[in-house]
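Student: If you scroll down you'll find the structure; I have some questions about it.
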Amino acid sequence: MKKYILDLVVTQNIKLHANYVLIKMTQANPLPEMLPGQFAEIRIDGSNTTFLRRPISINYVDKKTNEVWFLVQLVGDGTRKLATVKQGDIVNVVMPLGNGFTIPKDVTAFKPLLVGGGVGTAPMLMLGVELAKAGCKPTFLLGARSSKDLLQLKEFEKLGEVYTTTEDGSMGEQGYVTGHSLLNNNSFNMIYTCGPKPMMVSVAKYAKANGIECEVSLENMMACGVGACLCCVENTDEGHLCVCKDGPVFNIKKLLW
Ligand code: FES
């Protein structure tokens with residue numbers, strides 16, 4: 001897909017939690033087509049410690065308002081600076097980058113489970129929207145440290161059934177997503193997942209053991225975002241592939257996990 005370097009205008013910056021903001025951006029022209037699972041490289045202006053763009057997954061594209069949403073976790077100087085943008089500010093964004101999750105043309109008998117952990121729930125919203133548009137009802141299994149870290153639940157609930165786990169037991173079942181009782185009901189035939197690597201490895205093991213197709217969205221460290229610096233490589237059955245260019249979404253059959 002063609003990539004664009006865009007000066008987007010911030011329409012809203014919503015603080016969802018001490019460590020997360022939801023930034024909505026637009027431009028005068030229609031936004032380019034984007035697939036669920038793709039990401040953007042966002043330039044951090046006004047920082048003397050952040051030289052590289054930050055890779056942020058596309059959370060949702062609102063076609064009616066011509067807005068793209070980014071859910072940003074504040075993890076370092078770059079994302080903390082990005083979180084200070086205000087309505088009307090201009091943000092330079094390269095997008096859409098990477099591939100996207102696979103959605104079958106025929107969704108008859110397609111039963112997808114979308115598993116997200118932490119900020120890895122971000123791409124699951126757009127994926128859920130696209131699956132619903134395609135005609136199937138997604139089921140979500142979302143995990144976080146505590147109830148306040150479970151983000152955008154109302155948005156997910158509009159699309160399908162939502163199950164949750166928290167490490168402290170403050171919402172849903174206590175523990176990790178891979179221990180949720182929903183997984184005893186083995187009726188899913190596709191799992192999409194994004195989140196911390198140990199979680200995705202566990203989900204992939206579950207999928208393999210149960211003969212379920214599974215795609216994971218990797219979050220390897222990135223710099224250029226376009227396949228030039230090779231800092232994001234993952235070992236696969238085809239050798240080293242760039243997560244930014246050949247991914248971030250991979251079928252688990254490709255990975256050497
Ligand atoms: Fe540079 Fe992937 S981030 S090659």
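Chains: A, B, ... in order of the structure tokens. Residues: from 1 per chain. Ligands: from 1, in order shown.
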Name each residue within 8 Å of ligand 1, counting only C-alpha atoms and all ligand atoms, as a VMD selection string.
Tutor: chain A and resid 221 to 233 242 to 245
Student: Selection from above, C-alpha atoms, as a short mmCIF file (atom, residue, chain, number, x, y, z; two decimals), in the first residue's frame, can you write it?
Tutor:
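Result went into selection_16.cif, see below:
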data_model
loop_
_atom_site.label_atom_id
_atom_site.label_comp_id
_atom_site.auth_asym_id
_atom_site.auth_seq_id
_atom_site.Cartn_x
_atom_site.Cartn_y
_atom_site.Cartn_z
CA MET A 221 11.60 -2.39 18.84
CA MET A 222 11.42 -0.18 15.73
CA ALA A 223 13.30 2.83 14.40
CA CYS A 224 12.79 3.65 10.70
CA GLY A 225 9.50 1.76 10.29
CA VAL A 226 10.13 1.13 6.58
CA GLY A 227 12.59 -1.78 6.39
CA ALA A 228 15.83 0.25 6.20
CA CYS A 229 17.53 -0.09 9.59
CA LEU A 230 16.90 -3.82 10.31
CA CYS A 231 16.51 -3.20 14.03
CA CYS A 232 13.11 -4.92 14.17
CA VAL A 233 13.94 -8.31 12.60
CA CYS A 242 11.40 -6.97 9.24
CA VAL A 243 8.46 -6.63 11.59
CA CYS A 244 7.84 -3.09 10.30
CA LYS A 245 7.69 -4.01 6.61
#
Student: Select from stretch 13-168 of chain A everything DSSP, run on the backbone, classes as strand (DSSP E), then give the selection as JSON, numbers by chain.
Tutor: {"A": [13, 14, 15, 16, 17, 20, 21, 22, 23, 24, 25, 26, 39, 40, 41, 42, 54, 55, 56, 57, 58, 59, 60, 61, 62, 67, 68, 69, 70, 71, 72, 73, 90, 91, 92, 93, 94, 95, 96, 97, 112, 113, 114, 115, 116, 117, 139, 140, 141, 142, 143, 144, 161, 162, 163, 164, 165, 166]}
Student: The selected residues should be written to file as a JSON list (two decimals), in the first residue's frame (atoms: C-alpha atoms).
Tutor:
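Result file is part_5.json:
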[["chain", "number", "residue", "atom", "x", "y", "z"],
["A", 13, "ASN", "CA", -6.52, 14.51, 23.03],
["A", 14, "ILE", "CA", -8.40, 12.54, 25.67],
["A", 15, "LYS", "CA", -6.71, 11.36, 28.85],
["A", 16, "LEU", "CA", -8.05, 7.84, 29.41],
["A", 17, "HIS", "CA", -5.87, 7.05, 32.36],
["A", 20, "TYR", "CA", -2.80, 6.44, 28.31],
["A", 21, "VAL", "CA", -4.16, 9.10, 25.98],
["A", 22, "LEU", "CA", -6.39, 8.77, 22.95],
["A", 23, "ILE", "CA", -5.34, 11.25, 20.26],
["A", 24, "LYS", "CA", -7.66, 11.88, 17.32],
["A", 25, "MET", "CA", -6.31, 13.55, 14.17],
["A", 26, "THR", "CA", -7.66, 14.64, 10.81],
["A", 39, "PHE", "CA", 0.62, 1.43, 12.19],
["A", 40, "ALA", "CA", 2.00, 4.95, 11.85],
["A", 41, "GLU", "CA", 5.41, 6.47, 12.59],
["A", 42, "ILE", "CA", 4.75, 9.71, 14.43],
["A", 54, "ARG", "CA", 7.48, 6.56, 17.44],
["A", 55, "PRO", "CA", 5.55, 3.58, 15.98],
["A", 56, "ILE", "CA", 1.93, 3.75, 17.12],
["A", 57, "SER", "CA", -0.73, 1.31, 15.99],
["A", 58, "ILE", "CA", -3.89, 2.55, 14.33],
["A", 59, "ASN", "CA", -6.67, 2.25, 16.87],
["A", 60, "TYR", "CA", -9.62, 3.21, 14.69],
["A", 61, "VAL", "CA", -10.52, 5.19, 11.58],
["A", 62, "ASP", "CA", -13.74, 7.17, 11.77],
["A", 67, "GLU", "CA", -10.39, 11.03, 11.90],
["A", 68, "VAL", "CA", -7.73, 8.49, 12.76],
["A", 69, "TRP", "CA", -7.36, 7.49, 16.41],
["A", 70, "PHE", "CA", -4.11, 6.62, 18.17],
["A", 71, "LEU", "CA", -4.08, 5.07, 21.63],
["A", 72, "VAL", "CA", -0.78, 6.10, 23.15],
["A", 73, "GLN", "CA", 0.78, 4.52, 26.21],
["A", 90, "ILE", "CA", -0.02, 19.76, 13.69],
["A", 91, "VAL", "CA", 1.56, 16.30, 13.96],
["A", 92, "ASN", "CA", 3.68, 14.80, 11.18],
["A", 93, "VAL", "CA", 2.74, 11.18, 10.55],
["A", 94, "VAL", "CA", 3.98, 8.53, 8.10],
["A", 95, "MET", "CA", 1.25, 5.98, 7.40],
["A", 96, "PRO", "CA", -0.13, 3.47, 6.79],
["A", 97, "LEU", "CA", 2.82, 1.15, 7.51],
["A", 112, "PRO", "CA", -12.82, -15.10, 15.57],
["A", 113, "LEU", "CA", -11.46, -14.45, 19.03],
["A", 114, "LEU", "CA", -9.53, -11.20, 19.47],
["A", 115, "VAL", "CA", -7.08, -11.29, 22.37],
["A", 116, "GLY", "CA", -5.46, -8.06, 23.53],
["A", 117, "GLY", "CA", -3.21, -7.29, 26.45],
["A", 139, "THR", "CA", -15.49, -12.04, 20.63],
["A", 140, "PHE", "CA", -12.93, -10.07, 22.64],
["A", 141, "LEU", "CA", -10.73, -11.30, 25.45],
["A", 142, "LEU", "CA", -8.90, -8.36, 26.98],
["A", 143, "GLY", "CA", -6.36, -8.45, 29.77],
["A", 144, "ALA", "CA", -4.73, -5.79, 31.93],
["A", 161, "GLU", "CA", -19.03, -10.08, 23.56],
["A", 162, "VAL", "CA", -16.23, -8.88, 25.81],
["A", 163, "TYR", "CA", -14.43, -11.03, 28.40],
["A", 164, "THR", "CA", -11.73, -9.63, 30.65],
["A", 165, "THR", "CA", -8.97, -10.67, 32.98],
["A", 166, "THR", "CA", -7.07, -8.53, 35.46]]
Student: Please identify the helix (DSSP H, G or I) residues within stretch 91-202 of chain A (assignment by DSSP from backbone atoms) and present them as number ranges by chain.
Tutor: A: 118-134, 147-149, 153-157, 177-179, 181-184, 197-202
Student: Given the selection you just returned, output its residues as a file containing C-alpha atoms, formatted as a CSV table (one decimal), in the first residue's frame.
Tutor:
chain,number,residue,atom,x,y,z
A,118,GLY,CA,-2.3,-3.8,27.7
A,119,VAL,CA,-1.9,-1.3,24.9
A,120,GLY,CA,-2.1,-4.3,22.5
A,121,THR,CA,-5.9,-3.9,22.7
A,122,ALA,CA,-5.5,-0.8,20.5
A,123,PRO,CA,-5.5,-2.5,17.0
A,124,MET,CA,-8.2,-4.9,18.2
A,125,LEU,CA,-10.8,-2.1,18.1
A,126,MET,CA,-10.3,-1.4,14.3
A,127,LEU,CA,-10.1,-5.1,13.6
A,128,GLY,CA,-13.3,-5.7,15.5
A,129,VAL,CA,-15.0,-2.9,13.5
A,130,GLU,CA,-13.9,-4.4,10.2
A,131,LEU,CA,-14.9,-7.9,11.2
A,132,ALA,CA,-18.3,-6.7,12.2
A,133,LYS,CA,-18.6,-4.8,8.8
A,134,ALA,CA,-17.6,-8.1,7.1
A,147,SER,CA,-9.8,-2.6,35.9
A,148,LYS,CA,-8.5,1.0,35.3
A,149,ASP,CA,-6.1,-0.4,32.7
A,153,LEU,CA,-14.5,-1.3,26.9
A,154,LYS,CA,-17.7,0.6,25.8
A,155,GLU,CA,-16.4,0.7,22.2
A,156,PHE,CA,-15.6,-3.1,22.3
A,157,GLU,CA,-19.0,-3.9,23.8
A,177,VAL,CA,-5.9,-14.0,29.4
A,178,THR,CA,-4.5,-17.4,28.6
A,179,GLY,CA,-6.1,-18.7,31.9
A,181,SER,CA,-12.3,-20.0,31.3
A,182,LEU,CA,-13.6,-18.9,27.8
A,183,LEU,CA,-10.7,-20.8,26.3
A,184,ASN,CA,-12.2,-24.1,27.7
A,197,LYS,CA,5.3,-11.1,23.9
A,198,PRO,CA,4.9,-13.7,26.7
A,199,MET,CA,1.2,-13.3,26.4
A,200,MET,CA,1.3,-13.7,22.6
A,201,VAL,CA,3.6,-16.8,22.9
A,202,SER,CA,1.1,-18.3,25.3
Student: In Å to one decimal, how far is atom CA of A:Thr236 from atom CA of A:Phe188?
Tutor: 25.4 Å
Student: Taking into account only C-alpha atoms, which residue in the set A:Pro30, A:Pro196, A:Pro248, A:Pro36 is nearest to A:Thr102?
Tutor: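 Once distances to A:Thr102 are computed over only C-alpha atoms, the minimum belongs to A:Pro36.
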Student: Quick one: residues within 10 Å of A:Ala207, only C-alpha atoms counted, chain neighbours fewer than 5 positions away excluded, as number ranges by chain?
Tutor: A: 183, 186, 188-192, 201-202, 212-215, 252
Student: Can you spit out the residues from that selection as a compact mmCIF listing (two decimals), in the first residue's frame, using all heavy atoms?
Tutor:
# COMPACT_ATOMS: atom_id res chain seq x y z
N LEU A 183 -11.52 -20.00 27.22
CA LEU A 183 -10.69 -20.83 26.34
C LEU A 183 -10.97 -22.32 26.51
O LEU A 183 -10.49 -23.14 25.73
CB LEU A 183 -9.21 -20.52 26.55
CG LEU A 183 -8.81 -19.07 26.25
CD1 LEU A 183 -7.32 -18.87 26.41
CD2 LEU A 183 -9.23 -18.65 24.85
N ASN A 186 -13.82 -24.44 23.21
CA ASN A 186 -12.94 -24.38 22.04
C ASN A 186 -13.74 -24.31 20.74
O ASN A 186 -13.65 -25.19 19.90
CB ASN A 186 -12.03 -25.62 22.10
CG ASN A 186 -11.02 -25.60 21.00
OD1 ASN A 186 -10.87 -24.61 20.31
ND2 ASN A 186 -10.34 -26.71 20.83
N PHE A 188 -13.72 -21.45 18.73
CA PHE A 188 -13.17 -20.43 17.83
C PHE A 188 -12.34 -21.11 16.73
O PHE A 188 -11.68 -22.12 16.98
CB PHE A 188 -12.31 -19.44 18.61
CG PHE A 188 -13.09 -18.75 19.68
CD1 PHE A 188 -12.94 -19.09 21.02
CD2 PHE A 188 -14.03 -17.78 19.36
CE1 PHE A 188 -13.68 -18.47 22.00
CE2 PHE A 188 -14.78 -17.15 20.33
CZ PHE A 188 -14.60 -17.50 21.66
N ASN A 189 -12.37 -20.52 15.54
CA ASN A 189 -11.52 -21.10 14.49
C ASN A 189 -10.48 -20.09 13.99
O ASN A 189 -9.77 -20.35 13.04
CB ASN A 189 -12.35 -21.67 13.33
CG ASN A 189 -13.38 -20.69 12.83
OD1 ASN A 189 -13.24 -19.49 13.03
ND2 ASN A 189 -14.42 -21.19 12.18
N MET A 190 -10.40 -18.94 14.67
CA MET A 190 -9.36 -17.96 14.35
C MET A 190 -9.07 -17.14 15.60
O MET A 190 -10.01 -16.73 16.30
CB MET A 190 -9.86 -17.01 13.24
CG MET A 190 -8.86 -15.95 12.86
SD MET A 190 -7.50 -16.69 11.92
CE MET A 190 -6.33 -15.35 11.87
N ILE A 191 -7.80 -16.93 15.89
CA ILE A 191 -7.42 -16.05 17.00
C ILE A 191 -6.50 -14.97 16.45
O ILE A 191 -5.53 -15.27 15.72
CB ILE A 191 -6.71 -16.83 18.13
CG1 ILE A 191 -7.64 -17.88 18.73
CG2 ILE A 191 -6.24 -15.88 19.22
CD1 ILE A 191 -7.01 -18.73 19.83
N TYR A 192 -6.82 -13.73 16.79
CA TYR A 192 -5.93 -12.60 16.48
C TYR A 192 -5.43 -12.09 17.83
O TYR A 192 -6.23 -11.94 18.76
CB TYR A 192 -6.71 -11.47 15.83
CG TYR A 192 -7.43 -11.79 14.55
CD1 TYR A 192 -8.80 -12.05 14.55
CD2 TYR A 192 -6.77 -11.77 13.33
CE1 TYR A 192 -9.49 -12.29 13.36
CE2 TYR A 192 -7.45 -12.01 12.13
CZ TYR A 192 -8.80 -12.27 12.16
OH TYR A 192 -9.49 -12.51 10.99
N VAL A 201 2.98 -15.42 23.00
CA VAL A 201 3.56 -16.76 22.87
C VAL A 201 2.61 -17.78 23.49
O VAL A 201 2.37 -18.86 22.93
CB VAL A 201 4.97 -16.81 23.54
CG1 VAL A 201 5.48 -18.24 23.64
CG2 VAL A 201 5.95 -15.94 22.76
N SER A 202 2.06 -17.43 24.65
CA SER A 202 1.11 -18.34 25.32
C SER A 202 -0.15 -18.54 24.48
O SER A 202 -0.66 -19.66 24.35
CB SER A 202 0.63 -17.67 26.60
OG SER A 202 1.13 -18.17 27.67
N ILE A 212 -6.07 -24.15 15.97
CA ILE A 212 -6.78 -22.91 15.58
C ILE A 212 -5.81 -22.00 14.83
O ILE A 212 -4.66 -21.82 15.26
CB ILE A 212 -7.32 -22.17 16.84
CG1 ILE A 212 -8.23 -23.10 17.65
CG2 ILE A 212 -8.05 -20.90 16.44
CD1 ILE A 212 -8.63 -22.53 19.02
N GLU A 213 -6.26 -21.44 13.72
CA GLU A 213 -5.45 -20.45 12.99
C GLU A 213 -5.17 -19.27 13.91
O GLU A 213 -6.05 -18.88 14.70
CB GLU A 213 -6.22 -19.92 11.77
CG GLU A 213 -6.23 -20.83 10.59
CD GLU A 213 -4.85 -20.96 9.93
OE1 GLU A 213 -4.23 -19.94 9.62
OE2 GLU A 213 -4.42 -22.11 9.74
N CYS A 214 -4.00 -18.67 13.79
CA CYS A 214 -3.69 -17.57 14.71
C CYS A 214 -2.75 -16.56 14.06
O CYS A 214 -1.76 -16.96 13.45
CB CYS A 214 -3.04 -18.14 15.97
SG CYS A 214 -2.60 -16.92 17.21
N GLU A 215 -3.09 -15.30 14.18
CA GLU A 215 -2.21 -14.22 13.72
C GLU A 215 -1.82 -13.36 14.92
O GLU A 215 -2.68 -13.01 15.74
CB GLU A 215 -2.90 -13.35 12.67
CG GLU A 215 -3.04 -14.05 11.33
CD GLU A 215 -3.61 -13.14 10.24
OE1 GLU A 215 -4.13 -12.05 10.54
OE2 GLU A 215 -3.54 -13.55 9.07
N ILE A 252 1.18 -17.51 13.01
CA ILE A 252 2.12 -18.19 13.92
C ILE A 252 2.87 -19.33 13.24
O ILE A 252 3.93 -19.74 13.69
CB ILE A 252 1.44 -18.69 15.22
CG1 ILE A 252 0.27 -19.62 14.90
CG2 ILE A 252 1.04 -17.55 16.11
CD1 ILE A 252 -0.25 -20.38 16.11
Student: Identify which of the residues A:Asp77, A:Thr193, A:Gly247, A:Leu241 lies closest to A:Asn48, counting only C-alpha atoms when measuring atom-to-atom distances.
Tutor: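 Among A:Asp77, A:Thr193, A:Gly247, A:Leu241, it is A:Asp77 that comes nearest to A:Asn48.
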Student: Restricting the calculation to only C-alpha atoms, which member of A:Phe110, A:Leu255, A:Thr49, A:Thr79 is positioned closest to A:His240?
Tutor: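 For A:His240, the nearest of the candidates is A:Leu255.
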Student: Please indicate the distance in Å from atom CA of A:Gly37 to atom CA of A:Val216, rounded to one decimal place.
Tutor: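 Here the two named atoms are 9.5 Å from each other.
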Student: Tell me which protein, DNA and RNA residues are within 12 Å of A:Asp89, counting only C-alpha atoms, leaving out same-chain ones fewer than 3 positions away, and put them as a compact mmCIF listing (two decimals) with N, CA and C atoms, in the first residue's frame.
Tutor:
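Output contents, as saved in selection-v6.txt:
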# COMPACT_ATOMS: atom_id res chain seq x y z
N ASP A 7 0.76 15.93 7.37
CA ASP A 7 0.66 16.84 8.52
C ASP A 7 -0.78 16.78 8.99
N LEU A 8 -1.02 16.05 10.05
CA LEU A 8 -2.39 15.91 10.54
C LEU A 8 -2.67 16.94 11.64
N VAL A 9 -3.93 17.27 11.77
CA VAL A 9 -4.34 18.26 12.79
C VAL A 9 -5.00 17.50 13.94
N VAL A 10 -4.58 17.80 15.15
CA VAL A 10 -5.17 17.14 16.33
C VAL A 10 -6.57 17.71 16.56
N THR A 11 -7.56 16.81 16.64
CA THR A 11 -8.93 17.27 16.92
C THR A 11 -9.27 17.07 18.40
N GLN A 12 -8.69 16.03 19.00
CA GLN A 12 -8.96 15.77 20.43
C GLN A 12 -7.79 15.01 21.04
N ASN A 13 -7.49 15.30 22.27
CA ASN A 13 -6.52 14.51 23.03
C ASN A 13 -7.18 14.18 24.36
N ILE A 23 -5.51 10.04 21.08
CA ILE A 23 -5.34 11.25 20.26
C ILE A 23 -6.05 11.02 18.93
N LYS A 24 -6.94 11.96 18.58
CA LYS A 24 -7.66 11.88 17.32
C LYS A 24 -7.12 12.96 16.40
N MET A 25 -6.89 12.60 15.12
CA MET A 25 -6.31 13.55 14.17
C MET A 25 -7.06 13.49 12.85
N THR A 26 -6.98 14.58 12.11
CA THR A 26 -7.66 14.64 10.81
C THR A 26 -6.82 15.45 9.82
N GLN A 27 -7.33 15.58 8.61
CA GLN A 27 -6.75 16.49 7.62
C GLN A 27 -7.87 16.95 6.70
N ASP A 45 7.75 16.31 17.85
CA ASP A 45 8.32 17.66 17.72
C ASP A 45 8.55 18.28 19.09
N GLY A 46 9.53 19.17 19.16
CA GLY A 46 9.75 19.95 20.38
C GLY A 46 10.42 19.16 21.49
N LEU A 82 4.50 13.39 23.09
CA LEU A 82 3.37 13.26 22.16
C LEU A 82 2.04 13.47 22.89
N ALA A 83 1.98 12.98 24.12
CA ALA A 83 0.72 13.07 24.89
C ALA A 83 0.37 14.50 25.27
N THR A 84 1.27 15.45 25.02
CA THR A 84 0.97 16.85 25.39
C THR A 84 0.33 17.63 24.24
N VAL A 85 0.15 16.99 23.07
CA VAL A 85 -0.42 17.74 21.94
C VAL A 85 -1.85 18.20 22.27
N LYS A 86 -2.18 19.35 21.67
CA LYS A 86 -3.51 19.92 21.95
C LYS A 86 -4.29 20.07 20.65
N ASN A 92 3.23 15.42 12.43
CA ASN A 92 3.68 14.80 11.18
C ASN A 92 3.69 13.28 11.34
